[in-house]
Each structure stands twice: as structure tokens, then as C-alpha cells.
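Data from entry_34.pdb: PDB, C-alpha atoms, pLDDT in the B column
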```pdb
ATOM      1  CA  MET A 660       0.000   0.000   0.000  1.00 89.00           C
ATOM      2  CA  PRO A 661       1.340   3.490  -0.836  1.00 96.00           C
ATOM      3  CA  PHE A 662       2.009   6.061   1.872  1.00 98.00           C
ATOM      4  CA  HIS A 663      -1.336   7.734   2.603  1.00 98.00           C
ATOM      5  CA  ALA A 664      -1.388  11.278   3.991  1.00 98.00           C
ATOM      6  CA  THR A 665      -4.666  12.807   5.161  1.00 98.00           C
ATOM      7  CA  VAL A 666      -4.562  16.500   6.022  1.00 98.00           C
ATOM      8  CA  LEU A 667      -7.340  18.120   8.068  1.00 98.00           C
ATOM      9  CA  THR A 668      -7.491  21.814   7.284  1.00 98.00           C
ATOM     10  CA  LEU A 669      -9.717  24.846   6.855  1.00 98.00           C
ATOM     11  CA  TYR A 670      -7.936  25.527   3.562  1.00 98.00           C
ATOM     12  CA  PRO A 671      -7.842  22.290   1.524  1.00 98.00           C
ATOM     13  CA  GLU A 672      -7.115  24.292  -1.612  1.00 98.00           C
ATOM     14  CA  MET A 673      -3.583  24.797  -0.267  1.00 98.00           C
ATOM     15  CA  PHE A 674      -2.836  21.134  -1.016  1.00 98.00           C
ATOM     16  CA  PRO A 675      -0.924  19.572  -2.682  1.00 98.00           C
ATOM     17  CA  GLY A 676       0.758  22.933  -3.233  1.00 98.00           C
ATOM     18  CA  HIS A 677       4.397  22.523  -4.209  1.00 98.00           C
ATOM     19  CA  LEU A 678       4.093  18.786  -3.553  1.00 98.00           C
ATOM     20  CA  GLY A 679       2.201  18.540  -6.832  1.00 98.00           C
ATOM     21  CA  HIS A 680       5.375  19.426  -8.730  1.00 98.00           C
ATOM     22  CA  SER A 681       8.810  17.948  -9.405  1.00 97.00           C
ATOM     23  CA  LEU A 682       9.635  14.499  -8.016  1.00 97.00           C
ATOM     24  CA  SER A 683       6.908  14.456  -5.357  1.00 98.00           C
ATOM     25  CA  GLY A 684       4.293  15.511  -7.918  1.00 98.00           C
ATOM     26  CA  LYS A 685       5.337  12.812 -10.372  1.00 98.00           C
ATOM     27  CA  ALA A 686       5.231  10.249  -7.568  1.00 98.00           C
ATOM     28  CA  LEU A 687       1.755  11.466  -6.612  1.00 98.00           C
ATOM     29  CA  GLU A 688       0.583  11.033 -10.206  1.00 98.00           C
ATOM     30  CA  ARG A 689       2.067   7.535 -10.335  1.00 97.00           C
ATOM     31  CA  GLY A 690       0.264   6.576  -7.156  1.00 97.00           C
ATOM     32  CA  ASP A 691       3.475   6.085  -5.173  1.00 96.00           C
ATOM     33  CA  TRP A 692       1.787   8.069  -2.384  1.00 98.00           C
ATOM     34  CA  ARG A 693      -1.699   9.439  -1.690  1.00 98.00           C
ATOM     35  CA  LEU A 694      -2.872  12.790  -0.367  1.00 98.00           C
ATOM     36  CA  ASP A 695      -6.371  13.692   0.834  1.00 98.00           C
ATOM     37  CA  ALA A 696      -7.253  17.163   2.104  1.00 98.00           C
ATOM     38  CA  VAL A 697     -10.298  17.168   4.398  1.00 98.00           C
ATOM     39  CA  GLN A 698     -12.252  20.346   5.100  1.00 98.00           C
ATOM     40  CA  ILE A 699     -12.719  20.620   8.882  1.00 98.00           C
ATOM     41  CA  ARG A 700     -15.617  23.031   8.406  1.00 98.00           C
ATOM     42  CA  ASP A 701     -17.669  20.241   6.811  1.00 98.00           C
ATOM     43  CA  PHE A 702     -18.054  18.750  10.286  1.00 98.00           C
ATOM     44  CA  ALA A 703     -19.591  21.801  11.939  1.00 97.00           C
ATOM     45  CA  VAL A 704     -23.240  21.363  12.926  1.00 91.00           C
ATOM     46  CA  ASP A 705     -24.687  24.889  12.812  1.00 93.00           C
ATOM     47  CA  ARG A 706     -25.815  26.722   9.709  1.00 93.00           C
ATOM     48  CA  HIS A 707     -22.851  29.103   9.949  1.00 95.00           C
ATOM     49  CA  ARG A 708     -20.429  26.132   9.902  1.00 96.00           C
ATOM     50  CA  THR A 709     -18.689  27.448  13.016  1.00 96.00           C
ATOM     51  CA  VAL A 710     -15.414  25.746  13.905  1.00 97.00           C
ATOM     52  CA  ASP A 711     -14.066  27.992  16.679  1.00 96.00           C
ATOM     53  CA  ASP A 712     -15.095  29.721  19.895  1.00 96.00           C
ATOM     54  CA  THR A 713     -13.691  32.094  22.496  1.00 96.00           C
ATOM     55  CA  PRO A 714     -11.025  30.724  24.862  1.00 94.00           C
ATOM     56  CA  ALA A 715     -12.218  29.558  28.272  1.00 95.00           C
ATOM     57  CA  GLY A 716     -10.878  31.914  30.926  1.00 95.00           C
ATOM     58  CA  GLY A 717     -10.728  34.820  28.492  1.00 93.00           C
ATOM     59  CA  GLY A 718      -7.979  36.103  26.305  1.00 91.00           C
ATOM     60  CA  ALA A 719      -7.348  37.086  22.722  1.00 91.00           C
ATOM     61  CA  GLY A 720      -8.190  35.078  19.646  1.00 93.00           C
ATOM     62  CA  MET A 721     -10.291  31.979  19.123  1.00 95.00           C
ATOM     63  CA  VAL A 722      -9.829  28.252  19.768  1.00 96.00           C
ATOM     64  CA  LEU A 723     -10.666  25.364  17.441  1.00 96.00           C
ATOM     65  CA  ARG A 724     -13.627  23.463  18.892  1.00 97.00           C
ATOM     66  CA  PRO A 725     -13.002  19.883  20.060  1.00 98.00           C
ATOM     67  CA  ASP A 726     -16.344  18.466  18.915  1.00 98.00           C
ATOM     68  CA  VAL A 727     -15.950  19.674  15.340  1.00 98.00           C
ATOM     69  CA  LEU A 728     -12.349  18.538  15.038  1.00 98.00           C
ATOM     70  CA  ALA A 729     -13.087  15.180  16.674  1.00 98.00           C
ATOM     71  CA  ARG A 730     -15.775  14.455  14.084  1.00 98.00           C
ATOM     72  CA  ALA A 731     -13.355  15.366  11.298  1.00 98.00           C
ATOM     73  CA  ILE A 732     -10.631  13.099  12.694  1.00 98.00           C
ATOM     74  CA  ASP A 733     -13.020  10.182  13.219  1.00 98.00           C
ATOM     75  CA  HIS A 734     -14.226  10.505   9.635  1.00 98.00           C
ATOM     76  CA  ALA A 735     -10.737  10.833   8.153  1.00 98.00           C
ATOM     77  CA  ASP A 736      -9.162   8.085  10.257  1.00 98.00           C
ATOM     78  CA  PRO A 737     -11.790   5.468  11.169  1.00 96.00           C
ATOM     79  CA  GLU A 738      -9.113   2.915  12.109  1.00 94.00           C
ATOM     80  CA  PRO A 739      -7.045   4.655  14.809  1.00 95.00           C
ATOM     81  CA  GLY A 740      -3.603   3.286  15.448  1.00 96.00           C
ATOM     82  CA  LEU A 741      -2.688   2.437  11.874  1.00 97.00           C
ATOM     83  CA  ARG A 742      -1.303   5.872  11.048  1.00 98.00           C
ATOM     84  CA  PRO A 743       0.245   8.409  13.445  1.00 98.00           C
ATOM     85  CA  ARG A 744      -1.962  11.407  14.160  1.00 98.00           C
ATOM     86  CA  LEU A 745       0.010  14.654  14.081  1.00 98.00           C
ATOM     87  CA  LEU A 746      -0.903  18.219  15.029  1.00 98.00           C
ATOM     88  CA  MET A 747       1.306  20.926  13.566  1.00 98.00           C
ATOM     89  CA  SER A 748       1.966  23.181  16.546  1.00 96.00           C
ATOM     90  CA  PRO A 749       4.746  25.587  17.622  1.00 94.00           C
ATOM     91  CA  ARG A 750       4.702  23.982  21.066  1.00 94.00           C
ATOM     92  CA  GLY A 751       5.291  20.486  19.671  1.00 96.00           C
ATOM     93  CA  ARG A 752       8.488  18.465  19.700  1.00 97.00           C
ATOM     94  CA  PRO A 753      10.903  19.686  17.002  1.00 97.00           C
ATOM     95  CA  LEU A 754      10.771  17.680  13.786  1.00 98.00           C
ATOM     96  CA  THR A 755      14.029  15.799  13.220  1.00 96.00           C
ATOM     97  CA  GLN A 756      15.373  13.778  10.338  1.00 95.00           C
ATOM     98  CA  ALA A 757      15.073  10.656  12.487  1.00 95.00           C
ATOM     99  CA  ARG A 758      11.358  11.337  13.010  1.00 97.00           C
ATOM    100  CA  VAL A 759      10.958  12.023   9.291  1.00 98.00           C
ATOM    101  CA  ARG A 760      12.495   8.635   8.471  1.00 97.00           C
ATOM    102  CA  ALA A 761      10.202   6.928  10.959  1.00 98.00           C
ATOM    103  CA  LEU A 762       7.172   8.592   9.365  1.00 98.00           C
ATOM    104  CA  ALA A 763       8.369   7.550   5.900  1.00 98.00           C
ATOM    105  CA  ASP A 764       8.426   3.951   7.138  1.00 98.00           C
ATOM    106  CA  ALA A 765       4.834   4.218   8.393  1.00 98.00           C
ATOM    107  CA  PRO A 766       1.780   3.498   6.206  1.00 98.00           C
ATOM    108  CA  GLY A 767       0.948   7.192   6.222  1.00 98.00           C
ATOM    109  CA  ALA A 768      -0.048  10.006   8.555  1.00 98.00           C
ATOM    110  CA  VAL A 769      -3.096  12.007   9.618  1.00 98.00           C
ATOM    111  CA  ILE A 770      -2.061  15.651   9.928  1.00 99.00           C
ATOM    112  CA  VAL A 771      -4.164  18.318  11.637  1.00 98.00           C
ATOM    113  CA  CYS A 772      -3.451  21.917  10.662  1.00 98.00           C
ATOM    114  CA  GLY A 773      -4.127  24.243  13.569  1.00 91.00           C
ATOM    115  CA  ARG A 774      -5.483  27.747  13.196  1.00 89.00           C
ATOM    116  CA  PHE A 775      -6.459  30.640  15.466  1.00 88.00           C
ATOM    117  CA  GLU A 776      -4.927  30.605  18.974  1.00 88.00           C
ATOM    118  CA  GLY A 777      -4.796  26.820  19.086  1.00 92.00           C
ATOM    119  CA  VAL A 778      -6.768  23.614  19.482  1.00 96.00           C
ATOM    120  CA  ASP A 779      -8.857  22.581  22.504  1.00 97.00           C
ATOM    121  CA  GLN A 780      -6.614  20.367  24.639  1.00 97.00           C
ATOM    122  CA  ARG A 781      -9.383  17.804  25.142  1.00 97.00           C
ATOM    123  CA  VAL A 782      -9.395  16.722  21.508  1.00 98.00           C
ATOM    124  CA  ILE A 783      -5.594  16.577  21.484  1.00 98.00           C
ATOM    125  CA  ASP A 784      -5.737  14.167  24.413  1.00 98.00           C
ATOM    126  CA  ALA A 785      -8.810  12.204  23.339  1.00 98.00           C
ATOM    127  CA  ARG A 786      -7.628  11.589  19.775  1.00 98.00           C
ATOM    128  CA  GLY A 787      -3.969  11.042  20.619  1.00 98.00           C
ATOM    129  CA  LEU A 788      -2.536  13.891  18.570  1.00 98.00           C
ATOM    130  CA  GLU A 789       1.269  14.127  18.525  1.00 98.00           C
ATOM    131  CA  GLU A 790       2.232  17.796  18.443  1.00 98.00           C
ATOM    132  CA  VAL A 791       5.034  18.528  15.974  1.00 98.00           C
ATOM    133  CA  SER A 792       6.927  21.784  15.433  1.00 98.00           C
ATOM    134  CA  ILE A 793       9.048  22.702  12.422  1.00 98.00           C
ATOM    135  CA  GLY A 794      10.824  25.567  14.192  1.00 96.00           C
ATOM    136  CA  ASP A 795      10.834  28.206  16.888  1.00 95.00           C
ATOM    137  CA  TYR A 796       8.617  30.683  15.087  1.00 94.00           C
ATOM    138  CA  ILE A 797       4.893  31.246  14.569  1.00 94.00           C
ATOM    139  CA  LEU A 798       3.040  30.710  11.285  1.00 95.00           C
ATOM    140  CA  SER A 799      -0.468  31.893  10.431  1.00 94.00           C
ATOM    141  CA  GLY A 800      -1.606  28.271  10.354  1.00 96.00           C
ATOM    142  CA  GLY A 801      -0.467  24.682  10.237  1.00 97.00           C
ATOM    143  CA  GLU A 802      -0.733  24.279   6.476  1.00 98.00           C
ATOM    144  CA  PRO A 803       2.776  25.474   5.534  1.00 98.00           C
ATOM    145  CA  ALA A 804       4.178  23.323   8.330  1.00 98.00           C
ATOM    146  CA  ALA A 805       2.248  20.283   7.090  1.00 98.00           C
ATOM    147  CA  LEU A 806       3.555  20.834   3.566  1.00 98.00           C
ATOM    148  CA  THR A 807       7.096  21.060   4.931  1.00 98.00           C
ATOM    149  CA  LEU A 808       6.712  17.860   6.935  1.00 98.00           C
ATOM    150  CA  LEU A 809       5.256  16.006   3.955  1.00 98.00           C
ATOM    151  CA  ASP A 810       8.005  17.315   1.675  1.00 98.00           C
ATOM    152  CA  ALA A 811      10.616  15.861   4.014  1.00 98.00           C
ATOM    153  CA  VAL A 812       8.790  12.526   4.272  1.00 98.00           C
ATOM    154  CA  VAL A 813       7.706  11.986   0.666  1.00 98.00           C
ATOM    155  CA  ARG A 814      11.184  12.417  -0.792  1.00 97.00           C
ATOM    156  CA  LEU A 815      12.304   9.412   1.270  1.00 97.00           C
ATOM    157  CA  LEU A 816       9.581   7.100  -0.021  1.00 98.00           C
ATOM    158  CA  PRO A 817      10.720   4.287  -2.342  1.00 96.00           C
ATOM    159  CA  GLY A 818      10.935   5.392  -5.948  1.00 93.00           C
ATOM    160  CA  VAL A 819      10.520   9.132  -5.351  1.00 96.00           C
ATOM    161  CA  MET A 820      14.182  10.142  -5.626  1.00 90.00           C
ATOM    162  CA  GLY A 821      16.075   8.879  -8.628  1.00 74.00           C
ATOM    163  CA  ASN A 822      19.171   8.024  -6.587  1.00 57.00           C
ATOM    164  CA  ALA A 823      18.455   6.325  -3.262  1.00 57.00           C
ATOM    165  CA  LEU A 824      21.793   7.563  -1.911  1.00 49.00           C
ATOM    166  CA  SER A 825      20.547  11.150  -2.288  1.00 55.00           C
ATOM    167  CA  GLY A 826      18.597  10.688   0.925  1.00 52.00           C
ATOM    168  CA  VAL A 827      21.568   9.299   2.834  1.00 54.00           C
ATOM    169  CA  HIS A 828      24.409  11.778   2.280  1.00 56.00           C
ATOM    170  CA  GLU A 829      22.603  14.862   3.544  1.00 61.00           C
ATOM    171  CA  SER A 830      22.527  17.216   6.494  1.00 62.00           C
ATOM    172  CA  PHE A 831      21.313  15.645   9.767  1.00 74.00           C
ATOM    173  CA  GLU A 832      21.485  12.051   8.482  1.00 73.00           C
ATOM    174  CA  ASP A 833      24.674  11.436  10.468  1.00 78.00           C
ATOM    175  CA  GLY A 834      24.227  14.235  13.008  1.00 84.00           C
ATOM    176  CA  LEU A 835      26.216  16.757  10.973  1.00 92.00           C
ATOM    177  CA  LEU A 836      25.474  19.483   8.474  1.00 93.00           C
ATOM    178  CA  GLU A 837      26.268  18.520   4.908  1.00 93.00           C
ATOM    179  CA  HIS A 838      29.638  19.306   3.352  1.00 94.00           C
ATOM    180  CA  PRO A 839      29.998  21.945   0.568  1.00 95.00           C
ATOM    181  CA  HIS A 840      29.285  20.928  -3.035  1.00 95.00           C
ATOM    182  CA  TYR A 841      31.056  21.864  -6.278  1.00 96.00           C
ATOM    183  CA  THR A 842      30.569  21.178  -9.991  1.00 96.00           C
ATOM    184  CA  ARG A 843      31.686  22.507 -13.376  1.00 95.00           C
ATOM    185  CA  PRO A 844      33.101  24.891 -14.467  1.00 97.00           C
ATOM    186  CA  GLN A 845      36.420  23.927 -12.919  1.00 96.00           C
ATOM    187  CA  VAL A 846      37.158  27.601 -12.212  1.00 96.00           C
ATOM    188  CA  PHE A 847      34.420  30.124 -11.366  1.00 97.00           C
ATOM    189  CA  GLU A 848      35.375  33.785 -10.916  1.00 97.00           C
ATOM    190  CA  ASP A 849      38.998  32.764 -10.288  1.00 97.00           C
ATOM    191  CA  VAL A 850      38.018  30.222  -7.625  1.00 96.00           C
ATOM    192  CA  PRO A 851      38.785  26.590  -8.539  1.00 96.00           C
ATOM    193  CA  VAL A 852      37.064  23.447  -7.366  1.00 96.00           C
ATOM    194  CA  PRO A 853      39.087  22.099  -4.400  1.00 97.00           C
ATOM    195  CA  ALA A 854      41.822  19.906  -5.838  1.00 97.00           C
ATOM    196  CA  VAL A 855      41.009  16.948  -3.625  1.00 97.00           C
ATOM    197  CA  LEU A 856      37.605  16.577  -5.273  1.00 97.00           C
ATOM    198  CA  THR A 857      39.173  15.995  -8.683  1.00 97.00           C
ATOM    199  CA  SER A 858      42.005  13.825  -7.416  1.00 97.00           C
ATOM    200  CA  GLY A 859      40.169  10.536  -7.871  1.00 97.00           C
ATOM    201  CA  HIS A 860      41.321   9.504  -4.380  1.00 97.00           C
ATOM    202  CA  HIS A 861      38.052   8.380  -2.826  1.00 97.00           C
ATOM    203  CA  ALA A 862      39.340   7.975   0.717  1.00 97.00           C
ATOM    204  CA  ALA A 863      40.851  11.478   0.627  1.00 97.00           C
ATOM    205  CA  ILE A 864      37.590  12.878  -0.756  1.00 97.00           C
ATOM    206  CA  GLU A 865      35.533  11.252   2.019  1.00 96.00           C
ATOM    207  CA  ALA A 866      37.985  12.517   4.652  1.00 97.00           C
ATOM    208  CA  TRP A 867      37.788  16.057   3.223  1.00 97.00           C
ATOM    209  CA  ARG A 868      33.988  15.973   3.177  1.00 96.00           C
ATOM    210  CA  ARG A 869      33.903  14.753   6.767  1.00 95.00           C
ATOM    211  CA  GLU A 870      36.270  17.523   7.881  1.00 97.00           C
ATOM    212  CA  GLN A 871      34.183  20.150   6.081  1.00 97.00           C
ATOM    213  CA  ALA A 872      30.962  18.823   7.597  1.00 95.00           C
ATOM    214  CA  LEU A 873      32.463  18.927  11.079  1.00 95.00           C
ATOM    215  CA  ALA A 874      33.742  22.473  10.568  1.00 96.00           C
ATOM    216  CA  LEU A 875      30.389  23.716   9.302  1.00 95.00           C
ATOM    217  CA  THR A 876      28.505  22.025  12.113  1.00 95.00           C
ATOM    218  CA  ARG A 877      30.896  23.394  14.713  1.00 96.00           C
ATOM    219  CA  ALA A 878      30.458  26.930  13.333  1.00 97.00           C
ATOM    220  CA  ARG A 879      26.717  26.931  12.640  1.00 96.00           C
ATOM    221  CA  ARG A 880      25.082  24.218  14.760  1.00 94.00           C
ATOM    222  CA  PRO A 881      27.329  23.281  17.692  1.00 95.00           C
ATOM    223  CA  ASP A 882      24.211  21.957  19.444  1.00 92.00           C
ATOM    224  CA  LEU A 883      24.253  19.009  17.037  1.00 90.00           C
ATOM    225  CA  LEU A 884      27.725  18.021  18.169  1.00 92.00           C
ATOM    226  CA  SER A 885      26.680  18.104  21.818  1.00 86.00           C
ATOM    227  CA  ARG A 886      24.000  15.495  21.092  1.00 78.00           C
ATOM    228  CA  SER A 887      26.457  12.902  19.789  1.00 62.00           C
TER     229      SER A 887
END
```
Transcribe the structure of this file into C-alpha cells.
Amino acid sequence: MPFHATVLTLYPEMFPGHLGHSLSGKALERGDWRLDAVQIRDFAVDRHRTVDDTPAGGGAGMVLRPDVLARAIDHADPEPGLRPRLLMSPRGRPLTQARVRALADAPGAVIVCGRFEGVDQRVIDARGLEEVSIGDYILSGGEPAALTLLDAVVRLLPGVMGNALSGVHESFEDGLLEHPHYTRPQVFEDVPVPAVLTSGHHAAIEAWRREQALALTRARRPDLLSRS
């Protein structure tokens, strides 16, 4: 069975977005993975199709109602436990490449896109939503975050990338940032490609790439080194 992503959103027209292009788009057309966008508002019960209400205890903004969202989740995922249920949220655990690989190995994912001030905690608890963050910043909604998560996952699915090794020699796969890359022309604006890369000495090339990756990680993301 292909990887099956179901996105619950107030803006289904935002999907597949950029995932409908390039390698992920071709894979979607081939049926290598599936994407359904479910309109949360369809599960409101009043004539105004209301999906939010004021926060209990007061405060600014609105909160996504638990009853409406629960109905949407139950409809979209009638067999709980088969696919992880994710809620894109700035307070979630940071998305890592290891988590992305685990999701790519799953049969799919149910992804809830938050809006407003947040989602009623009771539906998060009752429907077992795993809160996931893509960074320490705030977006206007969960849709761009969901697209980012799916982009990271889909490219790792079998058959999506032309070269399977493309998903292995990358930043974060071994706990380091990726080394610099070079190609033709041999000299660009008086700067040549590093000689080691054209030496044909594979061990020396791998050693150079490792050294460069360590240097970049040390300079830009020393926190990654502290985790190893």
C-alpha cells in the first residue's frame, strides 16, 4: 500500500501545493503516495459552519472546537492506530530527520493543521494527537508546516528520488550538516574546485567531506555536536 497522507485543514485548496510538482508531484501522479485534504468546516453542525469559539478563561483570539475537530478526525481516520496522528503546533516536539524517516516507514499520517490561537486540549488528548513543530517561530496556520513535513517525508519514499543515496548523504542524516558541493566549471570567478575533489582519491575525498561537515557544524550548529 502506498504512503497515505490525510490532512485536516480549513484551507484544503492549499494542497498539494508545491508537492504537486517535481519528483513528489510525479510520484503522486504515479500513485506512489496518496494525499487527501479534508475540510474541517464540513463537520460543523450549525448553519454558519462554526469551527471555533472564544477561549475559556478569556484572552485574545479563538480556539478550534473539540467536537468539530473530533468528528473530522473520526471521519478521516476510522481505524485509529494504523497511522500516526500529528498536530502541527509551535509547542510540539521539534521535527528531526530521524522522526521524518520513521514517518516515511509508516503506512501514512493524519495531519491536523491548527489555526487561530490553538486547538482545545481535550481533543488533542482524546484523539492522541502528537504535536510537531518545524521551528521556533509562529506561522499563520499549520498548512505550511504540514507541507514542509510532507516534503521531508515523501522524498524518502521508495521510488521518489532517482538516486536512493541522495537521501543518505545529507545534512542531519549522520548528526552533521552537509559538506559543501562543487561542480563545473572547474574555475568560477577565479576560484577553482578544491583539488582533492578531482584527485580521484576516494578515501581522501571522504575525509575532506567529513572535515568540512564537522567544521560547518561546529560553526553553525554546535548543538548538534553536543548530542552525539
Show me, as an mmCIF file with C-alpha atoms, in the coordinates of the input, the residues that have an atom within 10 Å of Arg781 of chain A when counting all atoms listed in the file, minus same-chain residues fewer than 5 positions from it.
```cif
data_model
loop_
_atom_site.group_PDB
_atom_site.id
_atom_site.type_symbol
_atom_site.label_atom_id
_atom_site.label_comp_id
_atom_site.auth_asym_id
_atom_site.auth_seq_id
_atom_site.Cartn_x
_atom_site.Cartn_y
_atom_site.Cartn_z
ATOM 1 C CA ARG A 724 -13.627 23.463 18.892
ATOM 2 C CA PRO A 725 -13.002 19.883 20.060
ATOM 3 C CA ASP A 726 -16.344 18.466 18.915
ATOM 4 C CA ALA A 729 -13.087 15.180 16.674
ATOM 5 C CA ARG A 786 -7.628 11.589 19.775
ATOM 6 C CA GLY A 787 -3.969 11.042 20.619
#
```
Target residues per the PyMOL selection byres ((chain A and resi 855) around 12), formatted as a PyMOL selection string: chain A and resi 841+851-854+856-868
Contact residues around Phe775 of chain A with all atoms listed in the file at 8 Å, ignoring same-chain residues under 6 positions, as a PyMOL selection string: chain A and resi 720-723+799-800
Reference answer for the PyMOL selection byres ((chain A and resi 833-837) around 7), as a PyMOL selection string: chain A and resi 829-832+838-839+872-873+875-876+883
Selection near segment 693-708 of chain A, 6 Å with only C-alpha atoms, sequence-local residues under 4 positions removed, as a list in words: His663, Ala664, Thr665, Val666, Leu667, Thr668, Leu669, Pro671, Val727 and Ala731 of chain A
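Listed by chain and then by number, the residues chosen by the PyMOL selection byres ((chain A and resi 752) around 6) in this file are Gly751, Pro753, Val791 and Ser792 of chain A.
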For Arg758 of chain A, the nearest of the candidates A:Ala785, A:Leu815, A:Leu806, A:Ala735, counting all atoms listed in the file: A:Leu815
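Taking all atoms listed in the file, the non-local environment of segment 759-761 of chain A within 12 Å (same-chain residues fewer than 6 positions away omitted) comprises Arg742, Pro743, Pro753, Gly767, Ala768, Val791, Ile793, Thr807, Leu808, Leu809, Asp810, Ala811, Val812, Val813, Arg814, Leu815, Leu816, Pro817, Gly826, Val827, Phe831 and Glu832 of chain A.
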Option closest in space to Met660 of chain A, from A:Pro749, A:Pro766, A:Gly684, A:Gly716 [counting only C-alpha atoms]: A:Pro766
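Checking A:Leu798, A:Ala757, A:Ile770, A:Ala804 one by one against Ile732 of chain A, counting all atoms listed in the file, you find the shortest gap at A:Ile770.
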Gly818 of chain A environment, 10 Å, only C-alpha atoms, sequence neighbours closer than 5 positions dropped, as JSON, numbers by chain: {"A": [682, 683, 686, 691, 813, 823]}
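From atom CA of Glu789 of chain A back to atom CA of Asp712 of chain A, the distance works out to 22.6 Å.
In terms of minimum interatomic distance to Arg750 of chain A, A:Val778 ranks closest within A:Ala763, A:Val778, A:Ala878, A:Ala715, counting all atoms listed in the file.
When all atoms listed in the file are used to compute distances to Ala765 of chain A, the closest of the residues A:Val710, A:Leu741, A:Leu678, A:Val850 turns out to be A:Leu741.
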Separation of atom CA of Leu728 of chain A from atom CA of Thr755 of chain A in Å: 26.6 Å
Between atom CA of Asp711 of chain A and atom CA of Arg774 of chain A, distance in Å (one decimal): 9.3 Å
Padding 6 Å on each side, edges along x, y and z: where is the centre of the box around the listed atoms of segment 774-783 of chain A, and how long are its edges in Å to one decimal? Output it as JSON.
```
{"center_x": -7.1, "center_y": 23.6, "center_z": 19.2, "size_x": 16.6, "size_y": 26.1, "size_z": 23.9}
```
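Distances here use only C-alpha atoms; by that measure, the residue among A:Pro881, A:Gln756, A:Val819, A:Thr713 closest to Leu687 of chain A is A:Val819.
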Please, can segment 866-882 of chain A be completed to N, CA and C atoms and returned as a compact mmCIF listing (two decimals), keeping the file's coordinate frame?
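As a result, rebuild_3.txt now contains:
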```txt
# COMPACT_ATOMS: atom_id res chain seq x y z
N ALA A 866 37.38 11.87 3.48
CA ALA A 866 37.98 12.52 4.65
C ALA A 866 37.79 14.03 4.59
N TRP A 867 37.97 14.61 3.40
CA TRP A 867 37.79 16.06 3.22
C TRP A 867 36.33 16.44 3.50
N ARG A 868 35.41 15.67 2.96
CA ARG A 868 33.99 15.97 3.18
C ARG A 868 33.62 15.89 4.66
N ARG A 869 34.16 14.90 5.34
CA ARG A 869 33.90 14.75 6.77
C ARG A 869 34.44 15.94 7.54
N GLU A 870 35.66 16.37 7.21
CA GLU A 870 36.27 17.52 7.88
C GLU A 870 35.45 18.79 7.65
N GLN A 871 34.99 18.98 6.40
CA GLN A 871 34.18 20.15 6.08
C GLN A 871 32.85 20.12 6.82
N ALA A 872 32.24 18.96 6.89
CA ALA A 872 30.96 18.82 7.60
C ALA A 872 31.12 19.14 9.08
N LEU A 873 32.20 18.64 9.67
CA LEU A 873 32.46 18.93 11.08
C LEU A 873 32.69 20.42 11.31
N ALA A 874 33.46 21.05 10.42
CA ALA A 874 33.74 22.47 10.57
C ALA A 874 32.47 23.31 10.45
N LEU A 875 31.64 22.98 9.47
CA LEU A 875 30.39 23.72 9.30
C LEU A 875 29.47 23.53 10.50
N THR A 876 29.38 22.30 10.98
CA THR A 876 28.50 22.02 12.11
C THR A 876 29.01 22.74 13.36
N ARG A 877 30.31 22.72 13.55
CA ARG A 877 30.90 23.39 14.71
C ARG A 877 30.61 24.90 14.67
N ALA A 878 30.65 25.49 13.47
CA ALA A 878 30.46 26.93 13.33
C ALA A 878 28.99 27.34 13.39
N ARG A 879 28.11 26.52 12.79
CA ARG A 879 26.72 26.93 12.64
C ARG A 879 25.74 26.24 13.57
N ARG A 880 26.02 24.98 13.91
CA ARG A 880 25.08 24.22 14.76
C ARG A 880 25.85 23.40 15.79
N PRO A 881 26.57 24.03 16.69
CA PRO A 881 27.33 23.28 17.69
C PRO A 881 26.43 22.41 18.59
N ASP A 882 25.13 22.76 18.65
CA ASP A 882 24.21 21.96 19.44
C ASP A 882 24.11 20.53 18.91
```
